[in-house]
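Novice: Questions regarding the structure given below will be posed in turn.
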Amino acid sequence: MQKNNNPWYWIPLLNFASGFPYVIIISVSVLMYKNLGISNEDIGLYTSLLYLPWVIKPLWSPFIDLHGTKRKWFLSMQLLISIAFLIVGFIIPTSQFFIMSLAVFWVAAFASASNDVASDGFYLLALTKDQQSFFLGIRSTFYRASMLTGNGLIILFAGYLEHLYGDNQKAWSYTMILVGLVMSLLTVYNFFATPKAELPIKAGETEEKNFATVFASFFKKKQIGLILAFILLFRLGESQLLKMLTPFLVDKIDVGGMGLATEDVGIIYGTFGLIALTIGGILGGIAISKHGLGKWMLPMILTMHLPIIGFVLLAHFHPGSVYYIYVVVILEQFGYGFGFAAFMMYLIYVAEGESKTSHYAIATGFMALGMMLPGMLSGYIQEYLGYVNFFIWVLIATIPGLILSRFLVYPKDFGKKEKEARE
């Protein structure tokens with residue numbers, strides 16, 4: 001592998017190209033379908049199923065390791081994603097756009113999950129250990145920047161076109177074509193910017209058999225039943241909240257929503273919300289590095305979940321000023337960023353030991369499963385309960401994860417800086 005390449009040229013946009021399709025498929029699609037007249041039940045069910053490729057990506061990651069280079073894989077997958085988004089753009093004006101676009105999003109989701117596996121592997125191969133540590137923050141920053149672009153700029157662009165044309169189908173058709181073109185430009189850039197050499201796979205390596213052993217060893221960990229229950233249930237409330245927040249914000253007031261325009265959602269979540277999320281995540285990481293996971297697990301979980309009360313109040317009182325919505329969203333996103341740091345640090349602890357990378361992939365696969373299954377039912381639950389009672393239910397659904405967290409066994413100083421931990 002070449003070590004004399006300049007990572008500044010390729011790391012930022014390679015990681016942007018990982019986050020961008022994810023946010024379009026999982027998040028932006030929710031608002032798109034809502035504005036194209038799809039019901040909350042169908043949005044919750046079918047867009048949650050799009051999580052599946054990220055759930056099962058550990059199962060085919062060895063195939064990516066064994067066949068071809070990581071660079072060929074992520075370039076091929078990014079090209080496939082670009083084509084898929086362009087196809088969605090041309091499908092939207094048709095009468096069967098919902099089923100057809102979902103099918104194409106499925107293809108894009110599998111390609112995006114594969115792109116993540118290949119990009120992560122390439123990062124480990126292309127950089128020295130010191131470079132990996134140095135650029136870890138850069139990777140995270142540009143991944144979050146892709147979220148800002150998707151939830152902010154792309155949604156703002158769609159909202160502008162909705163007002164310009166007065167035709168949501170035309171607006172979202174053009175928006176998805178733009179998304180496909182942006183992804184195409186990222187693919188072309190990554191083709192020229194990323195280094196073109198990789199370490200060859202050693203002859204006689206049997207990674208497929210090794211993976212079966214690694215996969216089985218994950219389920220031999222101490223407290224594995226409790227660990228899996230915690231991973232699956234920790235995001236039980238959040239998984240439903242995320243799917244129904246956008247419909248709640250754009251639904252008309254007479255059906256319980258807040259009646260916001262598309263561009264308002266883009267501004268709230270894509271700018272102020274993302275800034276709060278980023279600050280919360282940074283502060284969460286600092287807090288754990290200072291004092292360890294044991295001191296912060298409970299406060300972080302509470303910080304993450306208590307802001308749901310704000311949505312209960314919004315749905316009940318329907319304040320006239322949009323600034324109340326800003327405050328609630330900022331608190332919720334900050335709490336999520338701050339609190340989620342504890343959950344991710346615990347997953348790192350679960351993956352400790354041999355086969356750390358594979359075990360982390362398995363743990364995050366179960367995390368995605370915990371997001372997918374409740375999200376599939378969220379639309380039906382919301383329609384049955386109404387928005388006020390739905391948000392109350394979401395708050396109640398956070399309790400099992402909170403209870404389970406009190407029985408987890410882990411070093412209380414885990415995550416603390418080594419020097420401070422020794423002291």
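Scheme for the structure tokens: letters A, B, ... for chains in order shown; per-chain residue numbers from 1; ligand numbers from 1 in order shown.
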Show me, as a list in words, the residues that have an atom within 10 Å of segment 32-37 of chain A when counting only C-alpha atoms, minus same-chain residues fewer than 3 positions from it.

Specialist: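 Residues near the query, excluding close chain neighbours: Ile24, Ser27, Val28, Ser29, Asn40, Asp42, Ile43, Thr47, Ile92, Phe97, Phe98, Ile155, Ala158, Gly159, Glu162, Asp167, Asn168, Gln169, Ala171, Trp172, Ser173, Thr175, Met176, Thr246, Pro247, Val250, Asp251, Ala261 and Thr262 of chain A.
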
Novice: I'd like the contact shell of segment 107-123 of chain A - 9 Å cut-off, only C-alpha atoms, skipping same-chain residues fewer than 2 positions apart - returned as a PyMOL selection string.

Specialist: chain A and resi 11+14-15+17-19+21-22+25-26+50-54+57-58+60-61+64-65+69-78+80-85+102-105+125-127+132+198

Novice: Between atom CA of Phe407 of chain A and atom CA of Leu302 of chain A, what distance in Å does the model show, to one decimal?

Specialist: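 Value for the atom CA of Phe407 of chain A-atom CA of Leu302 of chain A distance: 16.2 Å.
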
Novice: Show me a table, sorted first by chain and then by increasing residue number, of the residues of segment 342-377 of chain A having an atom at most 12 Å from segment 227-230 of chain A, each with its shortest atom pair and the distance in Å to one decimal, counting only C-alpha atoms and written as CSV.

Specialist:
```
residue,atom,partner,partner_atom,distance
A:Phe343,CA,A:Phe230,CA,9.7
A:Tyr346,CA,A:Ile227,CA,9.7
A:Leu347,CA,A:Ile227,CA,9.3
A:Tyr349,CA,A:Ile227,CA,10.9
A:Val350,CA,A:Ile227,CA,8.1
A:Ala351,CA,A:Ile227,CA,11.2
A:Ile362,CA,A:Leu228,CA,10.6
A:Ala363,CA,A:Leu228,CA,8.2
A:Thr364,CA,A:Leu228,CA,10.8
A:Gly365,CA,A:Leu228,CA,10.9
A:Phe366,CA,A:Leu228,CA,7.5
A:Met367,CA,A:Leu228,CA,8.9
A:Leu369,CA,A:Leu228,CA,10.8
A:Gly370,CA,A:Ala229,CA,9.5
```

Novice: Quick check, in Å to one decimal: how far apart do atom CA of Val214 of chain A and atom CA of Ile56 of chain A lie?

Specialist: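 Separating atom CA of Val214 of chain A from atom CA of Ile56 of chain A is a distance of 15.3 Å.
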
Novice: Any idea what's packed within 9 Å of Met345 of chain A, counting only C-alpha atoms, ignoring anything in its chain fewer than 5 positions away? Could you give it as an NGL selection string?

Specialist: :A and (285 or 288 or 293 or 340 or 350 or 414-415)
